[in-house]
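J.: coords_31.txt (compact mmCIF, C-alpha atoms) pasted underneath:
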```txt
# COMPACT_ATOMS: atom_id res chain seq x y z
CA MET A 76 27.94 -5.72 -0.60
CA GLN A 77 24.69 -6.04 -2.58
CA THR A 78 22.70 -6.06 0.66
CA LEU A 79 24.36 -2.84 1.79
CA LEU A 80 23.66 -1.16 -1.57
CA PHE A 81 20.00 -2.24 -1.43
CA ILE A 82 19.63 -0.84 2.10
CA LEU A 83 21.22 2.46 1.07
CA TRP A 84 18.97 2.62 -2.03
CA SER A 85 15.88 1.92 0.10
CA ILE A 86 16.82 4.63 2.60
CA SER A 87 17.50 7.17 -0.16
CA ILE A 88 14.06 6.56 -1.71
CA GLU A 89 12.40 7.09 1.68
CA VAL A 90 14.37 10.31 2.35
CA LEU A 91 13.98 11.79 -1.15
CA ALA A 92 10.42 10.59 -1.79
CA PRO A 93 7.95 13.31 -2.80
CA CYS A 94 5.23 11.47 -0.87
CA LYS A 95 4.74 8.79 1.76
CA ALA A 96 2.44 5.80 1.22
CA TRP A 97 1.02 3.54 3.89
CA ILE A 98 -1.58 0.84 4.38
CA ASN A 99 -3.77 0.68 7.46
CA THR A 100 -5.71 -2.45 8.43
CA LYS A 101 -8.59 -2.70 10.85
CA LYS A 102 -9.86 -6.13 11.87
CA THR A 103 -13.46 -6.73 12.85
CA ASP A 104 -15.08 -10.01 13.89
CA GLN A 105 -15.38 -11.40 10.36
CA ALA A 106 -13.60 -8.92 8.12
CA VAL A 107 -10.52 -6.81 7.66
CA VAL A 108 -10.73 -3.31 6.22
CA VAL A 109 -7.64 -2.33 4.22
CA THR A 110 -7.11 1.39 3.53
CA GLY A 111 -4.37 2.97 1.42
CA TYR A 112 -3.13 6.50 2.11
CA CYS A 113 -0.66 8.94 0.61
CA ARG A 114 0.82 12.15 2.08
CA SER A 115 2.73 14.82 0.17
CA MET A 116 6.22 15.55 1.43
CA ILE A 117 6.99 18.40 -1.00
CA SER A 118 6.01 22.07 -1.26
CA GLU A 119 4.22 21.90 -4.60
CA THR A 120 1.19 20.14 -6.05
CA ALA A 121 2.01 16.93 -7.91
CA ALA A 122 0.10 14.26 -9.85
CA TYR A 123 0.45 10.55 -9.07
CA ARG A 124 -1.01 7.16 -9.82
CA TYR A 125 -1.62 4.43 -7.26
CA GLU A 126 -1.88 0.65 -7.50
CA LEU A 127 -3.28 -1.40 -4.61
CA TYR A 128 -2.98 -5.18 -4.89
CA LEU A 129 -4.54 -7.53 -2.34
CA LEU A 130 -4.44 -11.32 -2.27
CA ARG A 131 -6.69 -13.19 0.17
CA ARG A 132 -6.26 -16.93 0.82
CA GLY A 133 -8.57 -19.03 2.95
CA PRO A 134 -10.22 -22.44 3.17
CA GLY A 135 -12.56 -21.57 0.30
CA GLY A 136 -9.74 -20.65 -2.09
CA GLN A 137 -8.10 -17.40 -3.00
CA SER A 138 -9.21 -14.07 -4.42
CA ALA A 139 -7.31 -11.10 -5.79
CA ASN A 140 -8.35 -7.47 -5.67
CA ASN A 141 -6.55 -4.88 -7.83
CA GLN A 142 -7.40 -1.20 -7.66
CA GLN A 143 -5.73 1.77 -9.28
CA GLY A 144 -6.36 5.41 -9.90
CA ARG A 145 -4.91 8.86 -10.45
CA PHE A 146 -4.80 11.66 -7.91
CA GLU A 147 -3.17 14.99 -7.07
CA LEU A 148 -1.69 16.08 -3.76
CA GLY A 149 -1.13 19.63 -2.64
CA PRO A 150 1.70 20.57 -0.25
CA GLY A 151 1.41 18.58 2.99
CA GLN A 152 -1.92 17.09 1.93
CA THR A 153 -2.96 13.53 2.91
CA THR A 154 -5.53 11.57 0.95
CA THR A 155 -7.31 8.25 1.27
CA LEU A 156 -6.71 6.33 -1.95
CA SER A 157 -8.83 3.23 -1.52
CA GLU A 158 -10.68 1.21 1.10
CA VAL A 159 -11.40 -2.50 0.68
CA ARG A 160 -13.34 -4.82 2.99
CA LEU A 161 -12.37 -8.51 2.89
CA ASN A 162 -13.90 -11.50 4.68
CA PHE A 163 -11.37 -12.56 7.28
CA ASP A 164 -11.04 -15.11 10.08
CA GLU A 165 -8.25 -17.06 11.82
CA ARG A 166 -7.88 -19.35 8.77
CA THR A 167 -7.37 -16.47 6.31
CA SER A 168 -4.16 -14.87 5.07
CA VAL A 169 -3.97 -11.48 3.35
CA VAL A 170 -1.01 -10.00 1.48
CA GLY A 171 -1.14 -6.49 0.02
CA GLN A 172 1.02 -3.92 -1.70
CA LEU A 173 0.43 -0.22 -2.32
CA ARG A 174 2.59 1.46 -4.96
CA ILE A 175 2.68 5.19 -5.81
CA LEU A 176 4.05 6.24 -9.20
CA ASP A 177 4.81 9.74 -10.44
CA ALA A 178 3.54 11.20 -13.72
CA ALA A 179 6.46 9.56 -15.59
CA GLY A 180 5.59 6.13 -14.16
CA HIS A 181 8.51 5.94 -11.69
CA LEU A 182 7.93 4.29 -8.32
CA VAL A 183 8.18 6.99 -5.64
CA ALA A 184 6.61 5.35 -2.55
CA GLN A 185 5.28 1.99 -1.45
CA ASP A 186 4.05 -0.05 1.49
CA SER A 187 2.98 -3.63 2.04
CA ILE A 188 1.10 -5.76 4.55
CA ARG A 189 0.98 -9.43 5.48
CA HIS A 190 -1.51 -11.06 7.81
CA THR A 191 -1.03 -14.80 8.13
CA ALA A 192 -3.57 -17.37 9.22
CA THR A 193 -3.33 -18.27 12.90
CA HIS A 194 -5.23 -21.57 12.39
CA PRO A 195 -4.46 -22.84 8.87
```
Let's see the structure in the file written out as structure tokens.
T.:
Amino acid sequence: MQTLLFILWSISIEVLAPCKAWINTKKTDQAVVVTGYCRSMISETAAYRYELYLLRRGPGGQSANNQQGRFELGPGQTTTLSEVRLNFDERTSVVGQLRILDAAGHLVAQDSIRHTATHP
């Protein structure tokens, strides 16, 4: 029953969300570029805050990258929130989360990524 309620809650947030958040990754030979985006899904301008958390683990240890900021979106507008370049190879894992909060601090959209090491 709890699983069903969680699924319904997740779907309702997606359907009713004032914006859509997503993370795009682009791998190069020795790096991965992580970019966070947000698109307005409503017909009025609104103010938001974003939080982008990235955790990179590799043979040399781990590093964390936290970025945040405030932004406004007009109707139907898409914006790039942040772009981060991380060293990356087959022994590296990256986990990330992008959260979008409204002016009252309520979570309105989110996305996450996970790239696991292929040769740990």
J.: Identify which of the residues A:Ala184, A:Ala178, A:Ile98, A:Leu148 lies closest to Tyr112 in chain A, counting only C-alpha atoms when measuring atom-to-atom distances.
T.: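 Closest to Tyr112 in chain A, using only C-alpha atoms: A:Ile98.
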J.: How many Å separate CA of His181 in chain A from CA of Met116 in chain A?
T.: 16.4 Å
J.: For Ala106 in chain A, which residue among A:Thr155, A:Ser138, A:Gln143, A:Asn162 is the nearest when counting all atoms listed in the file?
T.: A:Asn162
J.: Hey, can you check how far CA of Tyr125 in chain A sits from CA of Ile188 in chain A?
T.: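 Separation between CA of Tyr125 in chain A and CA of Ile188 in chain A: 15.8 Å.
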J.: Using all atoms listed in the file, pick whichever of A:Arg131, A:Lys101, A:Arg114, A:Lys95 has the shortest atom-to-atom distance to Leu182 in chain A.
T.: A:Lys95
J.: Excluding Leu176 in chain A and any residue of its chain fewer than 2 positions from it, enumerate the residues within 12 Å of it, using all atoms listed in the file, and give them as a PDB file with C-alpha atoms, in the coordinates of the input.
T.:
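To be explicit, this is the file written out as out08.pdb:
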```
ATOM      1  CA  ALA A  92      10.420  10.590  -1.790  1.00  0.00           C
ATOM      2  CA  PRO A  93       7.950  13.310  -2.800  1.00  0.00           C
ATOM      3  CA  CYS A  94       5.230  11.470  -0.870  1.00  0.00           C
ATOM      4  CA  LYS A  95       4.740   8.790   1.760  1.00  0.00           C
ATOM      5  CA  ALA A  96       2.440   5.800   1.220  1.00  0.00           C
ATOM      6  CA  CYS A 113      -0.660   8.940   0.610  1.00  0.00           C
ATOM      7  CA  ALA A 121       2.010  16.930  -7.910  1.00  0.00           C
ATOM      8  CA  ALA A 122       0.100  14.260  -9.850  1.00  0.00           C
ATOM      9  CA  TYR A 123       0.450  10.550  -9.070  1.00  0.00           C
ATOM     10  CA  ARG A 124      -1.010   7.160  -9.820  1.00  0.00           C
ATOM     11  CA  TYR A 125      -1.620   4.430  -7.260  1.00  0.00           C
ATOM     12  CA  GLU A 126      -1.880   0.650  -7.500  1.00  0.00           C
ATOM     13  CA  LEU A 127      -3.280  -1.400  -4.610  1.00  0.00           C
ATOM     14  CA  GLN A 143      -5.730   1.770  -9.280  1.00  0.00           C
ATOM     15  CA  GLY A 144      -6.360   5.410  -9.900  1.00  0.00           C
ATOM     16  CA  ARG A 145      -4.910   8.860 -10.450  1.00  0.00           C
ATOM     17  CA  PHE A 146      -4.800  11.660  -7.910  1.00  0.00           C
ATOM     18  CA  GLU A 147      -3.170  14.990  -7.070  1.00  0.00           C
ATOM     19  CA  LEU A 173       0.430  -0.220  -2.320  1.00  0.00           C
ATOM     20  CA  ARG A 174       2.590   1.460  -4.960  1.00  0.00           C
ATOM     21  CA  ALA A 178       3.540  11.200 -13.720  1.00  0.00           C
ATOM     22  CA  ALA A 179       6.460   9.560 -15.590  1.00  0.00           C
ATOM     23  CA  GLY A 180       5.590   6.130 -14.160  1.00  0.00           C
ATOM     24  CA  HIS A 181       8.510   5.940 -11.690  1.00  0.00           C
ATOM     25  CA  LEU A 182       7.930   4.290  -8.320  1.00  0.00           C
ATOM     26  CA  VAL A 183       8.180   6.990  -5.640  1.00  0.00           C
ATOM     27  CA  ALA A 184       6.610   5.350  -2.550  1.00  0.00           C
ATOM     28  CA  GLN A 185       5.280   1.990  -1.450  1.00  0.00           C
TER      29      GLN A 185
END
```
J.: Enter the distance from CA of Gln142 in chain A to CA of Glu119 in chain A, in Å, rounded to one decimal.
T.: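 For CA of Gln142 in chain A relative to CA of Glu119 in chain A, the distance reads 26.0 Å.
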J.: Compare A:Asn140, A:Val169, A:Gly133, A:Glu158 by their minimum atom-to-atom distance to His194 in chain A, counting only C-alpha atoms, and give me the closest one.
T.: A:Gly133
J.: Within 9 Å of Thr191 in chain A, counting only C-alpha atoms, which residues qualify if same-chain residues fewer than 3 places away don't, as a list in words?
T.: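 Selected residues are Glu165, Arg166, Thr167, Ser168, Val169, Val170 and Pro195 of chain A.
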J.: Emit the selected residues as a PDB file, keeping the file's coordinate frame, including C-alpha atoms.
T.:
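out_17.pdb, freshly written:
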```
ATOM      1  CA  GLU A 165      -8.250 -17.060  11.820  1.00  0.00           C
ATOM      2  CA  ARG A 166      -7.880 -19.350   8.770  1.00  0.00           C
ATOM      3  CA  THR A 167      -7.370 -16.470   6.310  1.00  0.00           C
ATOM      4  CA  SER A 168      -4.160 -14.870   5.070  1.00  0.00           C
ATOM      5  CA  VAL A 169      -3.970 -11.480   3.350  1.00  0.00           C
ATOM      6  CA  VAL A 170      -1.010 -10.000   1.480  1.00  0.00           C
ATOM      7  CA  PRO A 195      -4.460 -22.840   8.870  1.00  0.00           C
TER       8      PRO A 195
END
```
J.: Using all atoms listed in the file, can you tell me which of A:Asp104, A:Asn141, A:Val109, A:Ile175 comes closest to Arg189 in chain A?
T.: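 Once distances to Arg189 in chain A are computed over all atoms listed in the file, the minimum belongs to A:Val109.
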J.: Which residue gives the smallest distance to Ser187 in chain A among A:Val107, A:Gly135, A:Leu91, A:Leu130, with all atoms listed in the file counted?
T.: A:Leu130
J.: Each side padded by 8 Å, which centre and which edge lengths in Å (one decimal) define the axis-aligned box around the listed atoms of range 153-157 of chain A? Give them as JSON.
T.:
```
{"center_x": -5.9, "center_y": 8.4, "center_z": 0.5, "size_x": 21.9, "size_y": 26.3, "size_z": 20.9}
```
